[in-house]
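> Just so it is clear, I am handing over start.cif, which has mmCIF, N, CA and C atoms.
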data_structure
loop_
_atom_site.label_atom_id
_atom_site.label_comp_id
_atom_site.auth_asym_id
_atom_site.auth_seq_id
_atom_site.Cartn_x
_atom_site.Cartn_y
_atom_site.Cartn_z
N MET A 1 -41.32 -32.31 1.73
CA MET A 1 -40.08 -32.53 2.41
C MET A 1 -39.15 -31.36 2.14
N SER A 2 -38.49 -30.86 3.16
CA SER A 2 -37.56 -29.75 3.00
C SER A 2 -36.15 -30.19 3.35
N THR A 3 -35.21 -29.47 2.75
CA THR A 3 -33.81 -29.76 3.00
C THR A 3 -33.15 -28.49 3.50
N THR A 4 -32.38 -28.61 4.54
CA THR A 4 -31.64 -27.47 5.08
C THR A 4 -30.18 -27.62 4.67
N ILE A 5 -29.65 -26.56 4.09
CA ILE A 5 -28.24 -26.56 3.70
C ILE A 5 -27.54 -25.49 4.51
N ASN A 6 -26.52 -25.88 5.24
CA ASN A 6 -25.71 -24.94 6.00
C ASN A 6 -24.43 -24.66 5.22
N VAL A 7 -24.14 -23.39 5.03
CA VAL A 7 -22.95 -23.00 4.29
C VAL A 7 -22.04 -22.22 5.24
N SER A 8 -20.78 -22.57 5.24
CA SER A 8 -19.82 -21.88 6.08
C SER A 8 -18.67 -21.40 5.21
N ASN A 9 -18.24 -20.19 5.45
CA ASN A 9 -17.12 -19.63 4.71
C ASN A 9 -16.12 -19.12 5.74
N ASP A 10 -15.13 -19.95 6.07
CA ASP A 10 -14.15 -19.58 7.09
C ASP A 10 -13.32 -18.37 6.69
N VAL A 11 -13.14 -18.16 5.39
CA VAL A 11 -12.34 -17.03 4.94
C VAL A 11 -12.96 -15.72 5.39
N LYS A 12 -14.26 -15.61 5.37
CA LYS A 12 -14.94 -14.36 5.76
C LYS A 12 -14.73 -14.04 7.23
N ARG A 13 -14.34 -15.00 8.02
CA ARG A 13 -14.17 -14.77 9.45
C ARG A 13 -12.73 -14.48 9.85
N ILE A 14 -11.87 -14.33 8.90
CA ILE A 14 -10.47 -14.05 9.19
C ILE A 14 -10.25 -12.54 9.07
N PHE A 15 -9.64 -11.96 10.09
CA PHE A 15 -9.36 -10.53 10.07
C PHE A 15 -8.06 -10.25 9.31
N ASP A 16 -7.98 -9.04 8.73
CA ASP A 16 -6.73 -8.62 8.10
C ASP A 16 -5.63 -8.53 9.13
N LYS A 17 -4.42 -8.88 8.72
CA LYS A 17 -3.25 -8.62 9.56
C LYS A 17 -2.92 -7.14 9.38
N THR A 18 -2.72 -6.44 10.48
CA THR A 18 -2.43 -5.01 10.40
C THR A 18 -1.22 -4.66 11.25
N GLU A 19 -0.60 -3.54 10.91
CA GLU A 19 0.51 -3.02 11.70
C GLU A 19 0.53 -1.51 11.54
N THR A 20 0.74 -0.81 12.63
CA THR A 20 0.88 0.64 12.60
C THR A 20 2.37 0.96 12.53
N LEU A 21 2.74 1.71 11.49
CA LEU A 21 4.15 2.06 11.31
C LEU A 21 4.44 3.43 11.91
N THR A 22 5.54 3.50 12.63
CA THR A 22 5.95 4.77 13.23
C THR A 22 7.36 5.16 12.80
N GLY A 23 7.96 4.39 11.91
CA GLY A 23 9.31 4.70 11.45
C GLY A 23 9.72 3.79 10.32
N VAL A 24 11.01 3.79 10.03
CA VAL A 24 11.59 3.01 8.94
C VAL A 24 11.19 1.54 9.08
N LYS A 25 10.87 0.91 7.94
CA LYS A 25 10.48 -0.50 7.96
C LYS A 25 10.99 -1.17 6.69
N THR A 26 11.66 -2.29 6.85
CA THR A 26 12.04 -3.15 5.73
C THR A 26 11.12 -4.36 5.79
N LEU A 27 10.31 -4.52 4.75
CA LEU A 27 9.32 -5.58 4.75
C LEU A 27 9.94 -6.93 4.42
N LYS A 28 9.30 -7.97 4.95
CA LYS A 28 9.73 -9.35 4.72
C LYS A 28 8.58 -10.10 4.07
N TYR A 29 8.88 -11.25 3.50
CA TYR A 29 7.82 -12.06 2.89
C TYR A 29 6.76 -12.44 3.91
N SER A 30 7.14 -12.58 5.17
CA SER A 30 6.17 -12.93 6.21
C SER A 30 5.16 -11.80 6.46
N ASP A 31 5.43 -10.61 5.94
CA ASP A 31 4.48 -9.49 6.06
C ASP A 31 3.41 -9.50 4.98
N THR A 32 3.50 -10.42 4.02
CA THR A 32 2.58 -10.41 2.89
C THR A 32 1.13 -10.45 3.36
N GLY A 33 0.29 -9.69 2.66
CA GLY A 33 -1.13 -9.61 3.00
C GLY A 33 -1.44 -8.63 4.11
N LYS A 34 -0.44 -8.03 4.67
CA LYS A 34 -0.64 -7.13 5.81
C LYS A 34 -1.06 -5.74 5.34
N VAL A 35 -1.87 -5.07 6.16
CA VAL A 35 -2.26 -3.68 5.95
C VAL A 35 -1.45 -2.84 6.92
N PHE A 36 -0.73 -1.86 6.39
CA PHE A 36 0.10 -0.98 7.21
C PHE A 36 -0.54 0.40 7.30
N PHE A 37 -0.68 0.90 8.52
CA PHE A 37 -1.22 2.24 8.75
C PHE A 37 -0.06 3.19 9.02
N LEU A 38 0.01 4.26 8.24
CA LEU A 38 1.08 5.25 8.38
C LEU A 38 0.58 6.35 9.29
N THR A 39 1.10 6.38 10.52
CA THR A 39 0.55 7.30 11.51
C THR A 39 1.58 8.21 12.16
N ALA A 40 2.86 8.01 11.92
CA ALA A 40 3.87 8.83 12.58
C ALA A 40 3.88 10.24 12.01
N ALA A 41 4.15 11.21 12.87
CA ALA A 41 4.22 12.61 12.43
C ALA A 41 5.35 12.81 11.43
N ALA A 42 6.47 12.13 11.67
CA ALA A 42 7.59 12.19 10.74
C ALA A 42 7.53 10.96 9.85
N GLY A 43 7.37 11.19 8.56
CA GLY A 43 7.33 10.07 7.62
C GLY A 43 8.65 9.34 7.61
N ALA A 44 8.66 8.18 6.97
CA ALA A 44 9.86 7.37 6.92
C ALA A 44 9.86 6.55 5.64
N ALA A 45 10.94 5.82 5.43
CA ALA A 45 11.08 4.98 4.25
C ALA A 45 10.66 3.55 4.56
N ILE A 46 9.87 3.00 3.65
CA ILE A 46 9.46 1.60 3.72
C ILE A 46 10.11 0.92 2.52
N THR A 47 10.83 -0.17 2.76
CA THR A 47 11.51 -0.88 1.69
C THR A 47 10.82 -2.21 1.43
N LEU A 48 10.45 -2.42 0.17
CA LEU A 48 9.80 -3.67 -0.22
C LEU A 48 10.84 -4.79 -0.34
N PRO A 49 10.43 -6.03 -0.11
CA PRO A 49 11.35 -7.14 -0.36
C PRO A 49 11.49 -7.36 -1.87
N ALA A 50 12.38 -8.24 -2.26
CA ALA A 50 12.49 -8.59 -3.68
C ALA A 50 11.15 -9.14 -4.15
N VAL A 51 10.85 -8.94 -5.43
CA VAL A 51 9.58 -9.43 -5.96
C VAL A 51 9.50 -10.94 -5.81
N ARG A 52 8.28 -11.40 -5.57
CA ARG A 52 8.01 -12.83 -5.43
C ARG A 52 6.54 -13.02 -5.74
N ASP A 53 6.23 -13.98 -6.56
CA ASP A 53 4.86 -14.23 -6.98
C ASP A 53 3.94 -14.39 -5.77
N GLY A 54 2.85 -13.61 -5.75
CA GLY A 54 1.84 -13.72 -4.70
C GLY A 54 2.02 -12.82 -3.50
N VAL A 55 3.11 -12.06 -3.42
CA VAL A 55 3.35 -11.17 -2.28
C VAL A 55 2.53 -9.89 -2.48
N SER A 56 1.91 -9.40 -1.39
CA SER A 56 1.10 -8.18 -1.49
C SER A 56 1.12 -7.41 -0.18
N PHE A 57 0.93 -6.10 -0.30
CA PHE A 57 0.89 -5.20 0.85
C PHE A 57 -0.11 -4.08 0.57
N LYS A 58 -0.63 -3.48 1.64
CA LYS A 58 -1.48 -2.29 1.51
C LYS A 58 -1.00 -1.26 2.53
N PHE A 59 -0.94 0.00 2.08
CA PHE A 59 -0.51 1.11 2.94
C PHE A 59 -1.61 2.16 2.97
N ILE A 60 -2.03 2.54 4.17
CA ILE A 60 -3.10 3.52 4.35
C ILE A 60 -2.60 4.65 5.25
N VAL A 61 -2.84 5.88 4.83
CA VAL A 61 -2.51 7.03 5.68
C VAL A 61 -3.49 7.02 6.85
N GLY A 62 -2.96 6.90 8.07
CA GLY A 62 -3.80 6.85 9.26
C GLY A 62 -4.00 8.22 9.89
N SER A 63 -3.03 9.10 9.72
CA SER A 63 -3.15 10.47 10.24
C SER A 63 -2.21 11.37 9.45
N ALA A 64 -2.49 12.66 9.47
CA ALA A 64 -1.68 13.62 8.71
C ALA A 64 -0.25 13.63 9.23
N PHE A 65 0.70 13.86 8.34
CA PHE A 65 2.11 13.93 8.70
C PHE A 65 2.46 15.35 9.11
N ALA A 66 3.43 15.50 9.99
CA ALA A 66 3.79 16.84 10.44
C ALA A 66 5.09 17.35 9.82
N THR A 67 6.01 16.45 9.48
CA THR A 67 7.32 16.95 9.06
C THR A 67 7.86 16.43 7.74
N THR A 68 7.63 15.17 7.40
CA THR A 68 8.24 14.61 6.19
C THR A 68 7.31 13.62 5.49
N ASP A 69 7.64 13.31 4.22
CA ASP A 69 6.89 12.34 3.42
C ASP A 69 7.11 10.91 3.93
N TRP A 70 6.19 10.03 3.57
CA TRP A 70 6.38 8.59 3.67
C TRP A 70 6.71 8.10 2.27
N THR A 71 7.70 7.21 2.14
CA THR A 71 8.02 6.64 0.84
C THR A 71 8.01 5.12 0.91
N VAL A 72 7.64 4.50 -0.21
CA VAL A 72 7.69 3.06 -0.37
C VAL A 72 8.59 2.81 -1.57
N THR A 73 9.69 2.07 -1.36
CA THR A 73 10.64 1.87 -2.45
C THR A 73 10.81 0.38 -2.76
N GLY A 74 11.01 0.13 -4.05
CA GLY A 74 11.18 -1.24 -4.51
C GLY A 74 12.60 -1.53 -4.98
N GLY A 75 13.54 -0.64 -4.67
CA GLY A 75 14.91 -0.84 -5.13
C GLY A 75 14.97 -0.82 -6.64
N ALA A 76 15.68 -1.78 -7.22
CA ALA A 76 15.81 -1.86 -8.67
C ALA A 76 14.55 -2.44 -9.31
N THR A 77 13.68 -3.04 -8.51
CA THR A 77 12.46 -3.64 -9.04
C THR A 77 11.50 -2.54 -9.47
N LYS A 78 10.88 -2.73 -10.59
CA LYS A 78 10.00 -1.71 -11.15
C LYS A 78 8.58 -1.82 -10.62
N ILE A 79 7.96 -0.65 -10.43
CA ILE A 79 6.57 -0.55 -9.99
C ILE A 79 5.75 -0.09 -11.19
N GLN A 80 4.70 -0.83 -11.47
CA GLN A 80 3.82 -0.53 -12.61
C GLN A 80 2.41 -0.30 -12.08
N GLY A 81 1.60 0.49 -12.76
CA GLY A 81 0.20 0.60 -12.40
C GLY A 81 -0.30 2.03 -12.36
N THR A 82 -1.47 2.18 -11.75
CA THR A 82 -2.16 3.46 -11.75
C THR A 82 -2.65 3.81 -10.36
N VAL A 83 -2.51 5.08 -10.00
CA VAL A 83 -3.15 5.60 -8.80
C VAL A 83 -4.10 6.72 -9.25
N ILE A 84 -5.21 6.83 -8.57
CA ILE A 84 -6.17 7.89 -8.83
C ILE A 84 -5.92 8.97 -7.78
N VAL A 85 -5.51 10.14 -8.25
CA VAL A 85 -5.16 11.24 -7.34
C VAL A 85 -6.00 12.45 -7.70
N ASN A 86 -6.82 12.89 -6.76
CA ASN A 86 -7.69 14.04 -6.96
C ASN A 86 -8.54 13.87 -8.24
N GLY A 87 -8.96 12.62 -8.49
CA GLY A 87 -9.82 12.32 -9.63
C GLY A 87 -9.09 12.06 -10.94
N ALA A 88 -7.78 12.21 -10.97
CA ALA A 88 -7.01 12.00 -12.19
C ALA A 88 -6.21 10.69 -12.09
N SER A 89 -6.13 9.96 -13.20
CA SER A 89 -5.33 8.74 -13.25
C SER A 89 -3.87 9.10 -13.45
N ILE A 90 -3.02 8.60 -12.57
CA ILE A 90 -1.58 8.82 -12.67
C ILE A 90 -0.95 7.48 -13.00
N LEU A 91 -0.37 7.36 -14.18
CA LEU A 91 0.21 6.10 -14.65
C LEU A 91 1.66 6.01 -14.20
N GLY A 92 1.99 4.86 -13.66
CA GLY A 92 3.37 4.58 -13.29
C GLY A 92 3.92 3.48 -14.18
N GLU A 93 5.02 3.75 -14.86
CA GLU A 93 5.68 2.76 -15.69
C GLU A 93 7.15 2.71 -15.30
N ASP A 94 7.60 1.55 -14.85
CA ASP A 94 8.99 1.36 -14.44
C ASP A 94 9.43 2.34 -13.36
N GLU A 95 8.56 2.57 -12.39
CA GLU A 95 8.87 3.46 -11.27
C GLU A 95 9.59 2.68 -10.18
N THR A 96 10.23 3.38 -9.25
CA THR A 96 10.91 2.72 -8.13
C THR A 96 10.42 3.21 -6.77
N THR A 97 9.69 4.34 -6.75
CA THR A 97 9.28 4.93 -5.47
C THR A 97 7.85 5.44 -5.51
N ILE A 98 7.12 5.16 -4.45
CA ILE A 98 5.79 5.72 -4.22
C ILE A 98 5.93 6.67 -3.04
N THR A 99 5.42 7.89 -3.18
CA THR A 99 5.54 8.87 -2.10
C THR A 99 4.16 9.37 -1.69
N PHE A 100 3.90 9.32 -0.38
CA PHE A 100 2.74 9.99 0.21
C PHE A 100 3.27 11.36 0.63
N GLU A 101 2.80 12.41 -0.05
CA GLU A 101 3.38 13.75 0.07
C GLU A 101 2.89 14.51 1.30
N LEU A 102 3.84 15.01 2.07
CA LEU A 102 3.57 15.86 3.23
C LEU A 102 2.73 17.06 2.81
N GLY A 103 1.66 17.33 3.54
CA GLY A 103 0.82 18.49 3.29
C GLY A 103 -0.33 18.23 2.33
N ALA A 104 -0.19 17.19 1.50
CA ALA A 104 -1.26 16.85 0.56
C ALA A 104 -1.99 15.58 0.99
N GLU A 105 -1.35 14.79 1.85
CA GLU A 105 -1.93 13.51 2.28
C GLU A 105 -3.17 13.73 3.14
N LYS A 106 -4.08 12.79 3.06
CA LYS A 106 -5.29 12.81 3.88
C LYS A 106 -5.50 11.42 4.46
N PRO A 107 -5.96 11.31 5.70
CA PRO A 107 -6.27 9.99 6.24
C PRO A 107 -7.21 9.24 5.29
N GLY A 108 -6.86 8.01 5.01
CA GLY A 108 -7.64 7.19 4.09
C GLY A 108 -7.00 7.04 2.72
N ASP A 109 -6.06 7.93 2.35
CA ASP A 109 -5.31 7.73 1.10
C ASP A 109 -4.61 6.38 1.20
N PHE A 110 -4.52 5.65 0.10
CA PHE A 110 -3.93 4.31 0.18
C PHE A 110 -3.30 3.88 -1.14
N VAL A 111 -2.42 2.89 -1.04
CA VAL A 111 -1.94 2.14 -2.20
C VAL A 111 -1.90 0.67 -1.82
N GLU A 112 -2.14 -0.18 -2.82
CA GLU A 112 -1.98 -1.62 -2.69
C GLU A 112 -0.92 -2.05 -3.69
N LEU A 113 -0.07 -2.99 -3.28
CA LEU A 113 0.97 -3.51 -4.16
C LEU A 113 0.86 -5.03 -4.23
N HIS A 114 0.98 -5.56 -5.44
CA HIS A 114 0.94 -7.00 -5.67
C HIS A 114 2.09 -7.35 -6.61
N SER A 115 2.74 -8.48 -6.35
CA SER A 115 3.84 -8.91 -7.19
C SER A 115 3.48 -10.17 -7.97
N ASP A 116 3.97 -10.22 -9.21
CA ASP A 116 3.83 -11.42 -10.03
C ASP A 116 5.15 -12.17 -10.14
N GLY A 117 6.13 -11.75 -9.35
CA GLY A 117 7.45 -12.36 -9.40
C GLY A 117 8.42 -11.62 -10.30
N SER A 118 7.92 -10.68 -11.10
CA SER A 118 8.77 -9.87 -11.98
C SER A 118 8.68 -8.38 -11.69
N ASN A 119 7.50 -7.92 -11.29
CA ASN A 119 7.24 -6.50 -11.03
C ASN A 119 6.35 -6.36 -9.80
N TRP A 120 6.26 -5.12 -9.32
CA TRP A 120 5.23 -4.74 -8.36
C TRP A 120 4.14 -4.02 -9.15
N PHE A 121 2.88 -4.34 -8.87
CA PHE A 121 1.77 -3.66 -9.51
C PHE A 121 1.03 -2.86 -8.45
N VAL A 122 0.80 -1.58 -8.73
CA VAL A 122 0.21 -0.68 -7.74
C VAL A 122 -1.17 -0.22 -8.19
N PHE A 123 -2.03 -0.05 -7.22
CA PHE A 123 -3.30 0.64 -7.39
C PHE A 123 -3.52 1.42 -6.11
N GLY A 124 -4.05 2.63 -6.22
CA GLY A 124 -4.31 3.40 -5.02
C GLY A 124 -5.16 4.62 -5.31
N MET A 125 -5.50 5.31 -4.22
CA MET A 125 -6.29 6.54 -4.35
C MET A 125 -5.82 7.56 -3.34
N GLY A 126 -5.71 8.79 -3.82
CA GLY A 126 -5.37 9.92 -2.96
C GLY A 126 -6.39 11.03 -3.20
N SER A 127 -6.83 11.67 -2.15
CA SER A 127 -7.94 12.62 -2.29
C SER A 127 -7.52 14.01 -2.76
N ALA A 128 -6.29 14.41 -2.53
CA ALA A 128 -5.85 15.76 -2.90
C ALA A 128 -4.79 15.71 -3.98
N ALA A 129 -4.66 16.79 -4.74
CA ALA A 129 -3.63 16.88 -5.77
C ALA A 129 -2.26 16.61 -5.17
N SER A 130 -1.46 15.79 -5.82
CA SER A 130 -0.09 15.44 -5.40
C SER A 130 -0.01 14.66 -4.10
N SER A 131 -1.12 14.11 -3.63
CA SER A 131 -1.08 13.37 -2.36
C SER A 131 -0.27 12.08 -2.47
N ILE A 132 -0.29 11.47 -3.67
CA ILE A 132 0.51 10.28 -3.92
C ILE A 132 1.23 10.51 -5.25
N THR A 133 2.55 10.30 -5.25
CA THR A 133 3.31 10.45 -6.49
C THR A 133 4.09 9.17 -6.76
N LEU A 134 4.36 8.94 -8.03
CA LEU A 134 5.16 7.80 -8.48
C LEU A 134 6.38 8.33 -9.20
N ALA A 135 7.54 7.80 -8.86
CA ALA A 135 8.76 8.26 -9.51
C ALA A 135 9.75 7.12 -9.68
#
Can you give me the file's structure in the form of structure tokens?

Amino acid sequence: MSTTINVSNDVKRIFDKTETLTGVKTLKYSDTGKVFFLTAAAGAAITLPAVRDGVSFKFIVGSAFATTDWTVTGGATKIQGTVIVNGASILGEDETTITFELGAEKPGDFVELHSDGSNWFVFGMGSAASSITLA
């Protein structure tokens, strides 16, 4: 006698929420879990909402910038964590700004941010020296 077991995982069938950014953006809690593609020739400022447990965002360079950096700012809220840039670990402690640097950025460079309600925690990778900086 044989038994057939059917397994379904609805989570695997859900696509990421995405948005292509072309200018200044102030994020809201309703944006949590979204992947943002940075594609505008002129970079802009992205402002994070206040920290809240479970909120997360991902930013990916979609195309090279022509004129200015893209920045992600957390206001007075501190950003903690590590980005790997050109093979080196860059530690961020009590930072307020993440910058994708004009001229060093490459499509595919990214950072992810997650909040525990007290801080933002960052992880990311940049392929060229100074492509992502924390300050």
> Give me, as a PyMOL selection string, all polymer residues having an atom no more than 8 Å from Phe36 of chain A, counting only C-alpha atoms and skipping those fewer than 2 positions away in the same chain.
chain A and resi 18-21+34+38+57-60
> Those same residues, written as a PDB file, keeping the file's coordinate frame with N, CA and C atoms?

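Produced file result.pdb, reproduced below:
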ATOM      1  N   THR A  18      -2.720  -6.440  10.480  1.00  0.00           N
ATOM      2  CA  THR A  18      -2.430  -5.010  10.400  1.00  0.00           C
ATOM      3  C   THR A  18      -1.220  -4.660  11.250  1.00  0.00           C
ATOM      4  N   GLU A  19      -0.600  -3.540  10.910  1.00  0.00           N
ATOM      5  CA  GLU A  19       0.510  -3.020  11.700  1.00  0.00           C
ATOM      6  C   GLU A  19       0.530  -1.510  11.540  1.00  0.00           C
ATOM      7  N   THR A  20       0.740  -0.810  12.630  1.00  0.00           N
ATOM      8  CA  THR A  20       0.880   0.640  12.600  1.00  0.00           C
ATOM      9  C   THR A  20       2.370   0.960  12.530  1.00  0.00           C
ATOM     10  N   LEU A  21       2.740   1.710  11.490  1.00  0.00           N
ATOM     11  CA  LEU A  21       4.150   2.060  11.310  1.00  0.00           C
ATOM     12  C   LEU A  21       4.440   3.430  11.910  1.00  0.00           C
ATOM     13  N   LYS A  34      -0.440  -8.030   4.670  1.00  0.00           N
ATOM     14  CA  LYS A  34      -0.640  -7.130   5.810  1.00  0.00           C
ATOM     15  C   LYS A  34      -1.060  -5.740   5.340  1.00  0.00           C
ATOM     16  N   LEU A  38       0.010   4.260   8.240  1.00  0.00           N
ATOM     17  CA  LEU A  38       1.080   5.250   8.380  1.00  0.00           C
ATOM     18  C   LEU A  38       0.580   6.350   9.290  1.00  0.00           C
ATOM     19  N   PHE A  57       0.930  -6.100  -0.300  1.00  0.00           N
ATOM     20  CA  PHE A  57       0.890  -5.200   0.850  1.00  0.00           C
ATOM     21  C   PHE A  57      -0.110  -4.080   0.570  1.00  0.00           C
ATOM     22  N   LYS A  58      -0.630  -3.480   1.640  1.00  0.00           N
ATOM     23  CA  LYS A  58      -1.480  -2.290   1.510  1.00  0.00           C
ATOM     24  C   LYS A  58      -1.000  -1.260   2.530  1.00  0.00           C
ATOM     25  N   PHE A  59      -0.940   0.000   2.080  1.00  0.00           N
ATOM     26  CA  PHE A  59      -0.510   1.110   2.940  1.00  0.00           C
ATOM     27  C   PHE A  59      -1.610   2.160   2.970  1.00  0.00           C
ATOM     28  N   ILE A  60      -2.030   2.540   4.170  1.00  0.00           N
ATOM     29  CA  ILE A  60      -3.100   3.520   4.350  1.00  0.00           C
ATOM     30  C   ILE A  60      -2.600   4.650   5.250  1.00  0.00           C
TER      31      ILE A  60
END
> Measure the distance from atom CA of Asn119 of chain A to atom CA of Arg52 of chain A in Å and round it to one decimal.
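Between atom CA of Asn119 of chain A and atom CA of Arg52 of chain A the gap is 8.5 Å.
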> Which residues, named as in the file, does the PyMOL selection byres ((chain A and resi 120) around 6.5) pick out? Answer as a PyMOL selection string.
chain A and resi 51+77-81+113-116+118-119+121-122
> So, with only N, CA and C atoms as the atoms that count, which of A:Asn86, A:Thr97, A:Thr68, A:Val61 lies closest to Asp109 of chain A?
A:Val61
> The PyMOL selection byres ((chain A and resi 92) around 6.5) on the file shown: which residues, as an MDAnalysis selection string?
chainID A and resid 79:83 90:91 93:95 134
> Could you pull out the residues in chain A that DSSP calls strand (DSSP E or B) from the backbone, as JSON, numbers by chain?
{"A": [18, 19, 20, 21, 25, 26, 34, 35, 36, 37, 38, 42, 45, 46, 47, 56, 57, 58, 59, 60, 61, 68, 70, 71, 72, 73, 79, 80, 81, 82, 83, 84, 85, 88, 89, 90, 91, 92, 93, 94, 95, 97, 98, 99, 100, 110, 111, 112, 113, 114, 115, 120, 121, 122, 123, 124, 125, 126, 132, 133, 134]}
> So which residues get picked by the PyMOL selection byres ((chain A and resi 128) around 7) here, written as a PyMOL selection string?
chain A and resi 85-87+104-106+125-127+129-132
> Dump N, CA and C atoms for the selected residues as a CSV table (one decimal), in the frame of the given file?

chain,number,residue,atom,x,y,z
A,85,VAL,N,-5.5,10.1,-8.2
A,85,VAL,CA,-5.2,11.2,-7.3
A,85,VAL,C,-6.0,12.4,-7.7
A,86,ASN,N,-6.8,12.9,-6.8
A,86,ASN,CA,-7.7,14.0,-7.0
A,86,ASN,C,-8.5,13.9,-8.2
A,87,GLY,N,-9.0,12.6,-8.5
A,87,GLY,CA,-9.8,12.3,-9.6
A,87,GLY,C,-9.1,12.1,-10.9
A,104,ALA,N,-0.2,17.2,1.5
A,104,ALA,CA,-1.3,16.8,0.6
A,104,ALA,C,-2.0,15.6,1.0
A,105,GLU,N,-1.4,14.8,1.8
A,105,GLU,CA,-1.9,13.5,2.3
A,105,GLU,C,-3.2,13.7,3.1
A,106,LYS,N,-4.1,12.8,3.1
A,106,LYS,CA,-5.3,12.8,3.9
A,106,LYS,C,-5.5,11.4,4.5
A,125,MET,N,-5.5,5.3,-4.2
A,125,MET,CA,-6.3,6.5,-4.4
A,125,MET,C,-5.8,7.6,-3.3
A,126,GLY,N,-5.7,8.8,-3.8
A,126,GLY,CA,-5.4,9.9,-3.0
A,126,GLY,C,-6.4,11.0,-3.2
A,127,SER,N,-6.8,11.7,-2.2
A,127,SER,CA,-7.9,12.6,-2.3
A,127,SER,C,-7.5,14.0,-2.8
A,129,ALA,N,-4.7,16.8,-4.7
A,129,ALA,CA,-3.6,16.9,-5.8
A,129,ALA,C,-2.3,16.6,-5.2
A,130,SER,N,-1.5,15.8,-5.8
A,130,SER,CA,-0.1,15.4,-5.4
A,130,SER,C,0.0,14.7,-4.1
A,131,SER,N,-1.1,14.1,-3.6
A,131,SER,CA,-1.1,13.4,-2.4
A,131,SER,C,-0.3,12.1,-2.5
A,132,ILE,N,-0.3,11.5,-3.7
A,132,ILE,CA,0.5,10.3,-3.9
A,132,ILE,C,1.2,10.5,-5.2
> What's around Gly62 of chain A at 6 Å? Count only N, CA and C atoms, leave out sequence neighbours fewer than 4 positions away in its own chain, and write the answer as a PDB file with N, CA and C atoms, keeping the file's coordinate frame.

ATOM      1  N   PHE A  37      -0.680   0.900   8.520  1.00  0.00           N
ATOM      2  CA  PHE A  37      -1.220   2.240   8.750  1.00  0.00           C
ATOM      3  C   PHE A  37      -0.060   3.190   9.020  1.00  0.00           C
ATOM      4  N   LEU A  38       0.010   4.260   8.240  1.00  0.00           N
ATOM      5  CA  LEU A  38       1.080   5.250   8.380  1.00  0.00           C
ATOM      6  C   LEU A  38       0.580   6.350   9.290  1.00  0.00           C
ATOM      7  N   THR A  39       1.100   6.380  10.520  1.00  0.00           N
ATOM      8  CA  THR A  39       0.550   7.300  11.510  1.00  0.00           C
ATOM      9  C   THR A  39       1.580   8.210  12.160  1.00  0.00           C
ATOM     10  N   PRO A 107      -5.960  11.310   5.700  1.00  0.00           N
ATOM     11  CA  PRO A 107      -6.270   9.990   6.240  1.00  0.00           C
ATOM     12  C   PRO A 107      -7.210   9.240   5.290  1.00  0.00           C
ATOM     13  N   GLY A 108      -6.860   8.010   5.010  1.00  0.00           N
ATOM     14  CA  GLY A 108      -7.640   7.190   4.090  1.00  0.00           C
ATOM     15  C   GLY A 108      -7.000   7.040   2.720  1.00  0.00           C
TER      16      GLY A 108
END
> So how far away is atom N of Val24 of chain A from atom C of Ser89 of chain A, in Å?
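Taking atom C of Ser89 of chain A and atom N of Val24 of chain A, their separation equals 28.3 Å.
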> Place a sphere of radius 7 Å on (3.1, -11.5, -1.4) in the file coordinates and name every protein, DNA or RNA residue with an atom inside or on its surface, counting only C-alpha atoms; give the answer as a ChimeraX atom specification.
/A:29,32-33,52-56,114-115
> Kindly export the residues of the current selection with N, CA and C atoms, as a PDB file, in the frame of the given file.

ATOM      1  N   TYR A  29       8.880 -11.250   3.500  1.00  0.00           N
ATOM      2  CA  TYR A  29       7.820 -12.060   2.890  1.00  0.00           C
ATOM      3  C   TYR A  29       6.760 -12.440   3.910  1.00  0.00           C
ATOM      4  N   THR A  32       3.500 -10.420   4.020  1.00  0.00           N
ATOM      5  CA  THR A  32       2.580 -10.410   2.890  1.00  0.00           C
ATOM      6  C   THR A  32       1.130 -10.450   3.360  1.00  0.00           C
ATOM      7  N   GLY A  33       0.290  -9.690   2.660  1.00  0.00           N
ATOM      8  CA  GLY A  33      -1.130  -9.610   3.000  1.00  0.00           C
ATOM      9  C   GLY A  33      -1.440  -8.630   4.110  1.00  0.00           C
ATOM     10  N   ARG A  52       8.280 -11.400  -5.570  1.00  0.00           N
ATOM     11  CA  ARG A  52       8.010 -12.830  -5.430  1.00  0.00           C
ATOM     12  C   ARG A  52       6.540 -13.020  -5.740  1.00  0.00           C
ATOM     13  N   ASP A  53       6.230 -13.980  -6.560  1.00  0.00           N
ATOM     14  CA  ASP A  53       4.860 -14.230  -6.980  1.00  0.00           C
ATOM     15  C   ASP A  53       3.940 -14.390  -5.770  1.00  0.00           C
ATOM     16  N   GLY A  54       2.850 -13.610  -5.750  1.00  0.00           N
ATOM     17  CA  GLY A  54       1.840 -13.720  -4.700  1.00  0.00           C
ATOM     18  C   GLY A  54       2.020 -12.820  -3.500  1.00  0.00           C
ATOM     19  N   VAL A  55       3.110 -12.060  -3.420  1.00  0.00           N
ATOM     20  CA  VAL A  55       3.350 -11.170  -2.280  1.00  0.00           C
ATOM     21  C   VAL A  55       2.530  -9.890  -2.480  1.00  0.00           C
ATOM     22  N   SER A  56       1.910  -9.400  -1.390  1.00  0.00           N
ATOM     23  CA  SER A  56       1.100  -8.180  -1.490  1.00  0.00           C
ATOM     24  C   SER A  56       1.120  -7.410  -0.180  1.00  0.00           C
ATOM     25  N   HIS A 114       0.980  -5.560  -5.440  1.00  0.00           N
ATOM     26  CA  HIS A 114       0.940  -7.000  -5.670  1.00  0.00           C
ATOM     27  C   HIS A 114       2.090  -7.350  -6.610  1.00  0.00           C
ATOM     28  N   SER A 115       2.740  -8.480  -6.350  1.00  0.00           N
ATOM     29  CA  SER A 115       3.840  -8.910  -7.190  1.00  0.00           C
ATOM     30  C   SER A 115       3.480 -10.170  -7.970  1.00  0.00           C
TER      31      SER A 115
END
> Please report the interatomic distance between atom CA of Val111 of chain A and atom CA of Gly74 of chain A in Å with one decimal.
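Value for the atom CA of Val111 of chain A-atom CA of Gly74 of chain A distance: 13.7 Å.
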> When you look at Phe65 of chain A with a cut-off of 7 Å (counting only N, CA and C atoms), what residues show up, excluding the ones that are within fewer than 6 positions of it in the same chain? I need them as a VMD selection string.
chain A and resid 39 to 43 102 to 103 105
